[in-house]
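Here is the file coords-v3.cif (mmCIF, C-alpha atoms, pLDDT in the B column; chains and numbers go by the auth columns).
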```
data_start
#
loop_
_atom_site.group_PDB
_atom_site.id
_atom_site.type_symbol
_atom_site.label_atom_id
_atom_site.label_comp_id
_atom_site.label_asym_id
_atom_site.label_seq_id
_atom_site.Cartn_x
_atom_site.Cartn_y
_atom_site.Cartn_z
_atom_site.B_iso_or_equiv
_atom_site.auth_seq_id
_atom_site.auth_asym_id
ATOM 1 C CA MET A 1 81.454 74.432 107.300 54.00 1 A
ATOM 2 C CA ALA A 2 81.755 76.275 110.601 58.00 2 A
ATOM 3 C CA LYS A 3 78.832 76.232 112.982 72.00 3 A
ATOM 4 C CA GLY A 4 77.440 79.202 114.861 77.00 4 A
ATOM 5 C CA HIS A 5 76.610 82.782 114.132 84.00 5 A
ATOM 6 C CA ARG A 6 78.942 84.888 112.006 85.00 6 A
ATOM 7 C CA SER A 7 79.925 87.111 114.957 86.00 7 A
ATOM 8 C CA GLN A 8 80.749 84.038 117.051 85.00 8 A
ATOM 9 C CA ILE A 9 82.929 82.634 114.285 84.00 9 A
ATOM 10 C CA LYS A 10 84.774 85.955 113.999 84.00 10 A
ATOM 11 C CA ARG A 11 85.222 86.119 117.787 83.00 11 A
ATOM 12 C CA GLU A 12 86.773 82.642 117.820 82.00 12 A
ATOM 13 C CA ARG A 13 89.031 83.464 114.885 80.00 13 A
ATOM 14 C CA ASN A 14 90.235 86.686 116.526 78.00 14 A
ATOM 15 C CA ALA A 15 90.929 84.858 119.800 79.00 15 A
ATOM 16 C CA GLN A 16 93.387 82.619 117.941 78.00 16 A
ATOM 17 C CA LYS A 17 95.303 85.586 116.494 77.00 17 A
ATOM 18 C CA ASP A 18 98.891 86.213 117.506 76.00 18 A
ATOM 19 C CA SER A 19 99.007 89.086 120.022 81.00 19 A
ATOM 20 C CA ARG A 20 102.754 89.725 119.660 88.00 20 A
ATOM 21 C CA PRO A 21 103.610 93.162 118.266 91.00 21 A
ATOM 22 C CA LYS A 22 104.974 93.080 114.739 91.00 22 A
ATOM 23 C CA ALA A 23 105.655 95.207 111.698 94.00 23 A
ATOM 24 C CA LYS A 24 105.680 94.096 108.071 95.00 24 A
ATOM 25 C CA LEU A 25 107.084 95.844 105.026 96.00 25 A
ATOM 26 C CA SER A 26 105.841 94.560 101.691 96.00 26 A
ATOM 27 C CA PHE A 27 107.545 95.127 98.350 96.00 27 A
ATOM 28 C CA ALA A 28 110.853 96.371 99.790 95.00 28 A
ATOM 29 C CA ARG A 29 113.349 97.013 97.003 96.00 29 A
ATOM 30 C CA VAL A 30 115.947 94.802 98.699 95.00 30 A
ATOM 31 C CA PRO A 31 116.741 91.224 97.635 96.00 31 A
ATOM 32 C CA VAL A 32 115.999 88.556 100.238 96.00 32 A
ATOM 33 C CA GLN A 33 119.639 87.453 100.517 96.00 33 A
ATOM 34 C CA LYS A 34 120.838 90.964 101.330 95.00 34 A
ATOM 35 C CA ALA A 35 118.009 91.576 103.804 95.00 35 A
ATOM 36 C CA CYS A 36 118.696 88.276 105.589 95.00 36 A
ATOM 37 C CA ILE A 37 122.326 89.237 106.232 95.00 37 A
ATOM 38 C CA VAL A 38 121.121 92.161 108.369 95.00 38 A
ATOM 39 C CA LEU A 39 118.195 90.243 109.906 95.00 39 A
ATOM 40 C CA ASP A 40 120.501 87.457 111.089 95.00 40 A
ATOM 41 C CA GLN A 41 122.502 90.008 113.086 94.00 41 A
ATOM 42 C CA ILE A 42 119.506 91.254 115.103 94.00 42 A
ATOM 43 C CA ARG A 43 117.566 88.017 115.655 94.00 43 A
ATOM 44 C CA GLY A 44 117.266 87.259 119.377 93.00 44 A
ATOM 45 C CA LYS A 45 118.757 90.580 120.516 94.00 45 A
ATOM 46 C CA ASP A 46 116.891 93.045 122.709 93.00 46 A
ATOM 47 C CA ALA A 47 115.219 95.929 120.869 93.00 47 A
ATOM 48 C CA ASN A 48 117.653 98.693 121.865 94.00 48 A
ATOM 49 C CA THR A 49 120.713 96.624 120.933 95.00 49 A
ATOM 50 C CA ALA A 50 119.130 95.578 117.642 95.00 50 A
ATOM 51 C CA LEU A 51 118.354 99.200 116.822 95.00 51 A
ATOM 52 C CA ALA A 52 121.977 100.170 117.553 96.00 52 A
ATOM 53 C CA ILE A 53 123.308 97.341 115.361 95.00 53 A
ATOM 54 C CA VAL A 54 121.072 98.308 112.456 95.00 54 A
ATOM 55 C CA THR A 55 121.746 102.046 112.812 94.00 55 A
ATOM 56 C CA TYR A 56 125.518 101.657 112.493 95.00 56 A
ATOM 57 C CA ASN A 57 125.449 99.022 109.753 93.00 57 A
ATOM 58 C CA SER A 58 126.561 100.349 106.364 93.00 58 A
ATOM 59 C CA ARG A 59 124.293 98.191 104.192 93.00 59 A
ATOM 60 C CA TYR A 60 121.303 99.701 102.372 94.00 60 A
ATOM 61 C CA ALA A 61 118.997 97.006 103.775 94.00 61 A
ATOM 62 C CA SER A 62 119.821 98.155 107.302 95.00 62 A
ATOM 63 C CA GLU A 63 118.189 101.561 106.680 94.00 63 A
ATOM 64 C CA VAL A 64 114.951 99.874 105.647 95.00 64 A
ATOM 65 C CA ILE A 65 115.081 97.419 108.557 95.00 65 A
ATOM 66 C CA ALA A 66 115.837 100.203 111.058 96.00 66 A
ATOM 67 C CA LYS A 67 112.677 102.018 110.033 95.00 67 A
ATOM 68 C CA LEU A 68 110.695 98.779 110.288 95.00 68 A
ATOM 69 C CA LEU A 69 112.155 97.975 113.724 95.00 69 A
ATOM 70 C CA LYS A 70 111.204 101.431 115.017 95.00 70 A
ATOM 71 C CA SER A 71 107.673 100.814 113.747 95.00 71 A
ATOM 72 C CA ALA A 72 107.484 97.450 115.528 94.00 72 A
ATOM 73 C CA ILE A 73 108.700 99.048 118.785 94.00 73 A
ATOM 74 C CA ALA A 74 106.097 101.815 118.460 94.00 74 A
ATOM 75 C CA ASN A 75 103.387 99.186 117.838 93.00 75 A
ATOM 76 C CA ALA A 76 104.441 97.346 120.992 93.00 76 A
ATOM 77 C CA GLU A 77 104.319 100.507 123.112 92.00 77 A
ATOM 78 C CA ASN A 78 101.109 102.019 121.742 92.00 78 A
ATOM 79 C CA ASN A 79 98.957 99.020 120.824 88.00 79 A
ATOM 80 C CA ASN A 80 100.064 96.439 123.387 87.00 80 A
ATOM 81 C CA GLY A 81 101.236 98.694 126.239 89.00 81 A
ATOM 82 C CA MET A 82 104.608 96.958 126.515 90.00 82 A
ATOM 83 C CA ASN A 83 107.754 98.474 128.020 91.00 83 A
ATOM 84 C CA ARG A 84 110.461 99.306 125.486 91.00 84 A
ATOM 85 C CA ASP A 85 113.263 98.085 127.759 92.00 85 A
ATOM 86 C CA ASN A 86 111.784 94.561 128.014 92.00 86 A
ATOM 87 C CA LEU A 87 111.332 94.011 124.266 93.00 87 A
ATOM 88 C CA TYR A 88 113.455 91.685 122.152 94.00 88 A
ATOM 89 C CA VAL A 89 113.382 90.528 118.533 94.00 89 A
ATOM 90 C CA GLU A 90 111.749 87.117 118.639 94.00 90 A
ATOM 91 C CA GLU A 91 111.348 86.542 114.894 93.00 91 A
ATOM 92 C CA CYS A 92 112.571 88.372 111.831 94.00 92 A
ATOM 93 C CA TYR A 93 112.472 87.028 108.315 95.00 93 A
ATOM 94 C CA ALA A 94 112.297 88.058 104.677 96.00 94 A
ATOM 95 C CA SER A 95 110.352 86.252 101.985 96.00 95 A
ATOM 96 C CA ASN A 96 110.414 86.618 98.218 96.00 96 A
ATOM 97 C CA GLY A 97 108.380 89.345 96.585 96.00 97 A
ATOM 98 C CA PRO A 98 107.792 89.982 92.897 97.00 98 A
ATOM 99 C CA ILE A 99 110.693 90.422 90.495 96.00 99 A
ATOM 100 C CA MET A 100 110.897 93.381 88.116 96.00 100 A
ATOM 101 C CA LYS A 101 112.385 92.238 84.831 97.00 101 A
ATOM 102 C CA ARG A 102 114.458 94.721 82.847 97.00 102 A
ATOM 103 C CA ILE A 103 116.421 94.369 79.611 97.00 103 A
ATOM 104 C CA ARG A 104 120.085 95.308 79.102 96.00 104 A
ATOM 105 C CA PRO A 105 121.199 95.703 75.471 96.00 105 A
ATOM 106 C CA ARG A 106 124.313 93.700 74.622 96.00 106 A
ATOM 107 C CA ALA A 107 126.557 93.238 71.600 97.00 107 A
ATOM 108 C CA GLN A 108 125.301 91.852 68.267 96.00 108 A
ATOM 109 C CA GLY A 109 121.647 92.623 68.935 95.00 109 A
ATOM 110 C CA ARG A 110 121.373 90.435 71.999 96.00 110 A
ATOM 111 C CA ALA A 111 119.604 91.398 75.207 97.00 111 A
ATOM 112 C CA TYR A 112 120.401 90.250 78.731 97.00 112 A
ATOM 113 C CA ARG A 113 117.762 90.206 81.415 96.00 113 A
ATOM 114 C CA ILE A 114 118.255 92.082 84.668 97.00 114 A
ATOM 115 C CA GLU A 115 116.111 90.953 87.594 96.00 115 A
ATOM 116 C CA LYS A 116 115.417 93.546 90.263 97.00 116 A
ATOM 117 C CA ARG A 117 114.231 91.524 93.219 96.00 117 A
ATOM 118 C CA MET A 118 111.867 92.595 96.005 96.00 118 A
ATOM 119 C CA SER A 119 111.134 91.131 99.412 96.00 119 A
ATOM 120 C CA HIS A 120 108.544 91.164 102.162 97.00 120 A
ATOM 121 C CA ILE A 121 110.256 91.781 105.531 96.00 121 A
ATOM 122 C CA THR A 122 108.599 90.957 108.881 96.00 122 A
ATOM 123 C CA ILE A 123 109.811 91.693 112.409 95.00 123 A
ATOM 124 C CA VAL A 124 108.047 90.183 115.441 94.00 124 A
ATOM 125 C CA LEU A 125 108.869 91.380 118.969 94.00 125 A
ATOM 126 C CA ASN A 126 108.067 89.952 122.379 92.00 126 A
ATOM 127 C CA GLU A 127 108.597 90.793 126.048 91.00 127 A
ATOM 128 C CA LYS A 128 111.149 89.069 128.278 86.00 128 A
#
```
Show this structure as structure tokens.
Amino acid sequence: MAKGHRSQIKRERNAQKDSRPKAKLSFARVPVQKACIVLDQIRGKDANTALAIVTYNSRYASEVIAKLLKSAIANAENNNGMNRDNLYVEECYASNGPIMKRIRPRAQGRAYRIEKRMSHITIVLNEK
């Protein structure tokens, strides 16, 4: 059990928090594999280049990621006071979310299952 007063424990816990600006989208209706194809293209790039790549990509996942990237940039500017020109995408990843299970009727009374997958997408920025 931790020692000290509750406020002291909270202060220590908050001091260990990651101060990098980030944005997270939970329950995105995009499978992880399809989201990772777009995320791999922007990982390590500076924010303006990454935004250009995502804007002109034709995949559906790129629309969702573009909105999330704009949110992460706005968080960096407003909450952390960082300069937009110095930002780059340090981490970006997608993890599995819940799966919606649907039924597709087939011949001879059978039913096939359709799995509509979701993902949780996170983008973490940092300054050069």
Q: Using only C-alpha atoms, determine which residues lie at most 12 Å from stretch 110-123 of chain A, disregarding the query and same-chain residues fewer than 4 positions distant; provide the list as a ChimeraX atom specification.
A: /A:20-36,38-40,42-44,47,50,61-62,64-73,75-76,88-106
Q) Could you state the separation of atom CA of A:Asn78 and atom CA of A:Ala15 in Å, given to one decimal place? A)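 Taking atom CA of A:Asn78 as the start and atom CA of A:Ala15 as the end point, the length is 20.0 Å.
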Q | Atom pair atom CA of A:Asp46 / atom CA of A:Leu125: separation (Å) | A |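 Result for atom CA of A:Asp46 versus atom CA of A:Leu125: 9.0 Å, one decimal.
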**Q.** Separation of atom CA of A:Asn48 from atom CA of A:Glu63, in Å and rounded to one decimal
**A.**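 Computing it gives 15.5 Å between the two atoms.
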Q: Return the single residue from A:Val54, A:Ala107, A:Leu87, A:Ile9 that is closest to A:Val124, with distances computed using all atoms listed in the file.
A: A:Leu87
Centre and size of axis-aligned box enclosing stretch 5-12 of chain A plus 6 Å each side, as AutoDock Vina command-line options:
```
--center_x 81.7 --center_y 84.9 --center_z 114.9 --size_x 22.2 --size_y 16.5 --size_z 17.8
```
